Amino acid sequence: MRSIKFKARVNNWAKFVQKLRRPYQNYFQSSCYFCYQTDYCRAGVCTTCFNWLPWMSGACRYCGLPMAAESESVCGRCLQIEKHPLDTVKILFRYEEPIRSLVLALKYQQKLYLGKMLGRLMIERLKPDRVVAGIMPVPLATGRLQQRGFNQSLEIARVVAKFQGTPLIRNGLLKTRETRNQSELSGAARKKNLKLHNFSYNLKYVPESIILVDDVMTTGTTIRLVAQKLRQAGVQHIEGWLVCRAVL
């Protein structure tokens, strides 16, 4: 009887240890996504490739555009704006290879596992300015969501929310009007297209602070419109977290 009890205790302990390790098994992978070498990995990327990626540095805190002087935090254009809808914008990468291909594969080839990797890279590199009450993806229009089958920003946001232990607000805003894809338009056409955007509230409660998550920032107008809508609802602090910033 004693041996049976001892064996049961060992099995229970093994299950307990396995349960503790499970959340970290995907985070510390044994093979790098880029070079496929077996190495210590952070968020699925080995140390060599991690340092080689096109990380964003020295960017404006409001629009995310790269700045020559890393000591400066706000560009000249944003200095002329009296009130910004976003308290800060934090960007992982410049919109360059190999990140560009990753983002396109996630969005148009349904490779959802890339959303998990990009979300873990966000957790690795970005830190909020303050404790936030919710993580929210930038919404897709209903028609495009039905056509694509998923919101790539939500796939990234759910990972950020999980690792931060922060509530995920899946449908806080709904984009109720279909508009043309911004990537297909010129600068002037983008502004005209964005006037057609229409968002409706779907908030069960209004959090004091939110992190907005999106994949690509081109002009930044979309995420600013979402932030303005959240301000109108009563959100006090809004950060924008993006995978990459394109420079037109």
# chains A, B, ... in the order shown; residues from 1 in each chain; ligands from 1
$ residues_around --residues "Leu86 of chain A" --least-positions-apart "4" --cutoff "8 Å" --atoms "only C-alpha atoms" --output "VMD selection string"
chain A and resid 62 224 227 237 to 240
$ write_last_selection --atoms "N, CA, C and O atoms" --output "mmCIF file, in the first residue's frame"
data_model
loop_
_atom_site.group_PDB
_atom_site.id
_atom_site.type_symbol
_atom_site.label_atom_id
_atom_site.label_comp_id
_atom_site.auth_asym_id
_atom_site.auth_seq_id
_atom_site.Cartn_x
_atom_site.Cartn_y
_atom_site.Cartn_z
ATOM 1 N N TYR A 62 4.131 59.662 -31.343
ATOM 2 C CA TYR A 62 2.734 59.825 -31.738
ATOM 3 C C TYR A 62 2.409 59.243 -33.114
ATOM 4 O O TYR A 62 1.320 58.712 -33.309
ATOM 5 N N ARG A 224 -5.890 56.071 -35.364
ATOM 6 C CA ARG A 224 -6.251 57.327 -34.705
ATOM 7 C C ARG A 224 -7.771 57.501 -34.656
ATOM 8 O O ARG A 224 -8.313 58.003 -33.661
ATOM 9 N N ALA A 227 -8.974 55.365 -31.908
ATOM 10 C CA ALA A 227 -8.640 55.994 -30.627
ATOM 11 C C ALA A 227 -9.581 57.149 -30.313
ATOM 12 O O ALA A 227 -10.007 57.332 -29.167
ATOM 13 N N HIS A 237 -6.619 56.679 -21.220
ATOM 14 C CA HIS A 237 -5.241 56.426 -21.676
ATOM 15 C C HIS A 237 -5.271 55.363 -22.773
ATOM 16 O O HIS A 237 -5.798 54.270 -22.577
ATOM 17 N N ILE A 238 -4.699 55.698 -23.948
ATOM 18 C CA ILE A 238 -4.709 54.776 -25.092
ATOM 19 C C ILE A 238 -3.304 54.683 -25.687
ATOM 20 O O ILE A 238 -2.707 55.689 -26.061
ATOM 21 N N GLU A 239 -2.792 53.464 -25.760
ATOM 22 C CA GLU A 239 -1.516 53.197 -26.413
ATOM 23 C C GLU A 239 -1.766 52.388 -27.683
ATOM 24 O O GLU A 239 -2.618 51.507 -27.701
ATOM 25 N N GLY A 240 -1.016 52.687 -28.723
ATOM 26 C CA GLY A 240 -1.093 51.905 -29.950
ATOM 27 C C GLY A 240 0.134 51.023 -30.078
ATOM 28 O O GLY A 240 1.256 51.528 -30.078
#
$ atom_distance --atom1 "atom CA of Leu92 of chain A" --atom2 "atom CA of Gly143 of chain A"
28.9 Å
$ closest_residue --among "A:Cys63, A:Val206, A:Ala246, A:Ile91" --to "Arg125 of chain A" --atoms "only C-alpha atoms"
A:Ile91
$ select_by_dssp --residues "segment 67-247 of chain A" --states "strand (DSSP E)" --output "count of residues only"
35
$ atom_distance --atom1 "atom CA of Cys41 of chain A" --atom2 "atom CA of Ala105 of chain A"
21.5 Å
$ atom_distance --atom1 "atom CA of His84 of chain A" --atom2 "atom CA of Asn171 of chain A"
23.5 Å
$ residues_around --residues "Gln147 of chain A" --least-positions-apart "5" --cutoff "12 Å" --atoms "only C-alpha atoms" --output "PyMOL selection string"
chain A and resi 107-108+110+140-142+178
$ write_last_selection --atoms "C-alpha atoms" --output "compact mmCIF listing (two decimals), in the first residue's frame"
# COMPACT_ATOMS: atom_id res chain seq x y z
CA LYS A 107 -3.18 38.31 -43.37
CA TYR A 108 -3.67 36.71 -46.78
CA GLN A 110 -4.22 32.33 -43.11
CA LEU A 140 -12.17 44.79 -39.33
CA ALA A 141 -15.37 45.56 -41.21
CA THR A 142 -17.97 42.81 -40.85
CA GLU A 178 -17.05 48.34 -45.62
$ closest_residue --among "A:Glu97, A:Leu225, A:Cys60, A:Phe163" --to "Cys78 of chain A" --atoms "only C-alpha atoms"
A:Cys60
$ closest_residue --among "A:Gly115, A:Val74, A:Leu154, A:Lys90" --to "Lys127 of chain A" --atoms "only C-alpha atoms"
A:Lys90
$ select_by_dssp --residues "segment 69-103 of chain A" --states "helix (DSSP H, G or I)" --output "list in words"
Gly76, Arg77, Cys78, Leu79, Ile99, Arg100, Ser101, Leu102 and Val103 of chain A
$ write_last_selection --atoms "all heavy atoms" --output "PDB file, in the first residue's frame"
ATOM      1  N   GLY A  76       8.528  66.952 -35.866  1.00  0.00           N
ATOM      2  CA  GLY A  76       8.084  68.331 -36.042  1.00  0.00           C
ATOM      3  C   GLY A  76       6.613  68.434 -36.377  1.00  0.00           C
ATOM      4  O   GLY A  76       5.915  69.345 -35.910  1.00  0.00           O
ATOM      5  N   ARG A  77       6.097  67.528 -37.197  1.00  0.00           N
ATOM      6  CA  ARG A  77       4.683  67.564 -37.563  1.00  0.00           C
ATOM      7  C   ARG A  77       3.798  67.333 -36.348  1.00  0.00           C
ATOM      8  O   ARG A  77       2.788  68.019 -36.167  1.00  0.00           O
ATOM      9  CB  ARG A  77       4.399  66.515 -38.634  1.00  0.00           C
ATOM     10  CG  ARG A  77       2.940  66.472 -39.079  1.00  0.00           C
ATOM     11  CD  ARG A  77       2.712  65.396 -40.117  1.00  0.00           C
ATOM     12  NE  ARG A  77       3.469  65.661 -41.336  1.00  0.00           N
ATOM     13  CZ  ARG A  77       3.458  64.841 -42.389  1.00  0.00           C
ATOM     14  NH1 ARG A  77       2.762  63.721 -42.361  1.00  0.00           N
ATOM     15  NH2 ARG A  77       4.165  65.155 -43.467  1.00  0.00           N
ATOM     16  N   CYS A  78       4.144  66.360 -35.512  1.00  0.00           N
ATOM     17  CA  CYS A  78       3.310  66.044 -34.344  1.00  0.00           C
ATOM     18  C   CYS A  78       3.415  67.118 -33.264  1.00  0.00           C
ATOM     19  O   CYS A  78       2.488  67.274 -32.458  1.00  0.00           O
ATOM     20  CB  CYS A  78       3.704  64.682 -33.767  1.00  0.00           C
ATOM     21  SG  CYS A  78       3.198  63.287 -34.811  1.00  0.00           S
ATOM     22  N   LEU A  79       4.516  67.870 -33.253  1.00  0.00           N
ATOM     23  CA  LEU A  79       4.641  68.970 -32.302  1.00  0.00           C
ATOM     24  C   LEU A  79       3.602  70.057 -32.571  1.00  0.00           C
ATOM     25  O   LEU A  79       3.213  70.795 -31.658  1.00  0.00           O
ATOM     26  CB  LEU A  79       6.047  69.568 -32.376  1.00  0.00           C
ATOM     27  CG  LEU A  79       7.160  68.809 -31.637  1.00  0.00           C
ATOM     28  CD1 LEU A  79       8.509  69.435 -31.942  1.00  0.00           C
ATOM     29  CD2 LEU A  79       6.905  68.799 -30.131  1.00  0.00           C
ATOM     30  N   ILE A  99       9.973  40.768 -42.150  1.00  0.00           N
ATOM     31  CA  ILE A  99       8.726  41.025 -41.422  1.00  0.00           C
ATOM     32  C   ILE A  99       7.572  41.282 -42.387  1.00  0.00           C
ATOM     33  O   ILE A  99       6.441  40.851 -42.148  1.00  0.00           O
ATOM     34  CB  ILE A  99       8.909  42.206 -40.453  1.00  0.00           C
ATOM     35  CG1 ILE A  99      10.009  41.876 -39.439  1.00  0.00           C
ATOM     36  CG2 ILE A  99       7.611  42.526 -39.744  1.00  0.00           C
ATOM     37  CD1 ILE A  99       9.747  40.620 -38.627  1.00  0.00           C
ATOM     38  N   ARG A 100       7.854  41.967 -43.479  1.00  0.00           N
ATOM     39  CA  ARG A 100       6.794  42.249 -44.461  1.00  0.00           C
ATOM     40  C   ARG A 100       6.146  40.960 -44.940  1.00  0.00           C
ATOM     41  O   ARG A 100       4.912  40.847 -44.993  1.00  0.00           O
ATOM     42  CB  ARG A 100       7.377  43.026 -45.641  1.00  0.00           C
ATOM     43  CG  ARG A 100       6.363  43.363 -46.718  1.00  0.00           C
ATOM     44  CD  ARG A 100       7.020  44.147 -47.855  1.00  0.00           C
ATOM     45  NE  ARG A 100       6.045  44.462 -48.900  1.00  0.00           N
ATOM     46  CZ  ARG A 100       5.722  43.628 -49.882  1.00  0.00           C
ATOM     47  NH1 ARG A 100       6.308  42.449 -49.959  1.00  0.00           N
ATOM     48  NH2 ARG A 100       4.833  43.977 -50.798  1.00  0.00           N
ATOM     49  N   SER A 101       6.954  39.963 -45.289  1.00  0.00           N
ATOM     50  CA  SER A 101       6.416  38.687 -45.766  1.00  0.00           C
ATOM     51  C   SER A 101       5.627  37.974 -44.684  1.00  0.00           C
ATOM     52  O   SER A 101       4.612  37.320 -44.962  1.00  0.00           O
ATOM     53  CB  SER A 101       7.554  37.791 -46.264  1.00  0.00           C
ATOM     54  OG  SER A 101       8.169  38.349 -47.405  1.00  0.00           O
ATOM     55  N   LEU A 102       6.065  38.087 -43.427  1.00  0.00           N
ATOM     56  CA  LEU A 102       5.351  37.463 -42.317  1.00  0.00           C
ATOM     57  C   LEU A 102       3.957  38.058 -42.157  1.00  0.00           C
ATOM     58  O   LEU A 102       2.972  37.334 -41.997  1.00  0.00           O
ATOM     59  CB  LEU A 102       6.144  37.631 -41.020  1.00  0.00           C
ATOM     60  CG  LEU A 102       6.970  36.439 -40.553  1.00  0.00           C
ATOM     61  CD1 LEU A 102       8.090  36.155 -41.546  1.00  0.00           C
ATOM     62  CD2 LEU A 102       7.547  36.695 -39.176  1.00  0.00           C
ATOM     63  N   VAL A 103       3.888  39.382 -42.215  1.00  0.00           N
ATOM     64  CA  VAL A 103       2.604  40.061 -42.040  1.00  0.00           C
ATOM     65  C   VAL A 103       1.647  39.702 -43.169  1.00  0.00           C
ATOM     66  O   VAL A 103       0.462  39.431 -42.938  1.00  0.00           O
ATOM     67  CB  VAL A 103       2.815  41.587 -41.959  1.00  0.00           C
ATOM     68  CG1 VAL A 103       1.490  42.320 -42.014  1.00  0.00           C
ATOM     69  CG2 VAL A 103       3.558  41.947 -40.683  1.00  0.00           C
TER      70      VAL A 103
END
$ residues_around --residues "Tyr201 of chain A" --least-positions-apart "4" --cutoff "7 Å" --atoms "only C-alpha atoms" --output "short mmCIF file (atom, residue, chain, number, x, y, z; two decimals) with C-alpha atoms, in the first residue's frame"
data_model
loop_
_atom_site.label_atom_id
_atom_site.label_comp_id
_atom_site.auth_asym_id
_atom_site.auth_seq_id
_atom_site.Cartn_x
_atom_site.Cartn_y
_atom_site.Cartn_z
CA GLY A 172 -15.26 46.75 -28.11
CA LEU A 173 -15.79 48.59 -31.39
CA LEU A 174 -17.45 47.28 -34.53
#
$ closest_residue --among "A:Tyr36, A:Cys75, A:Ala157, A:Asp215" --to "Leu104 of chain A" --atoms "only C-alpha atoms"
A:Asp215
$ closest_residue --among "A:Gly134, A:Gly119, A:Pro54, A:Pro207" --to "Val159 of chain A" --atoms "only C-alpha atoms"
A:Gly119
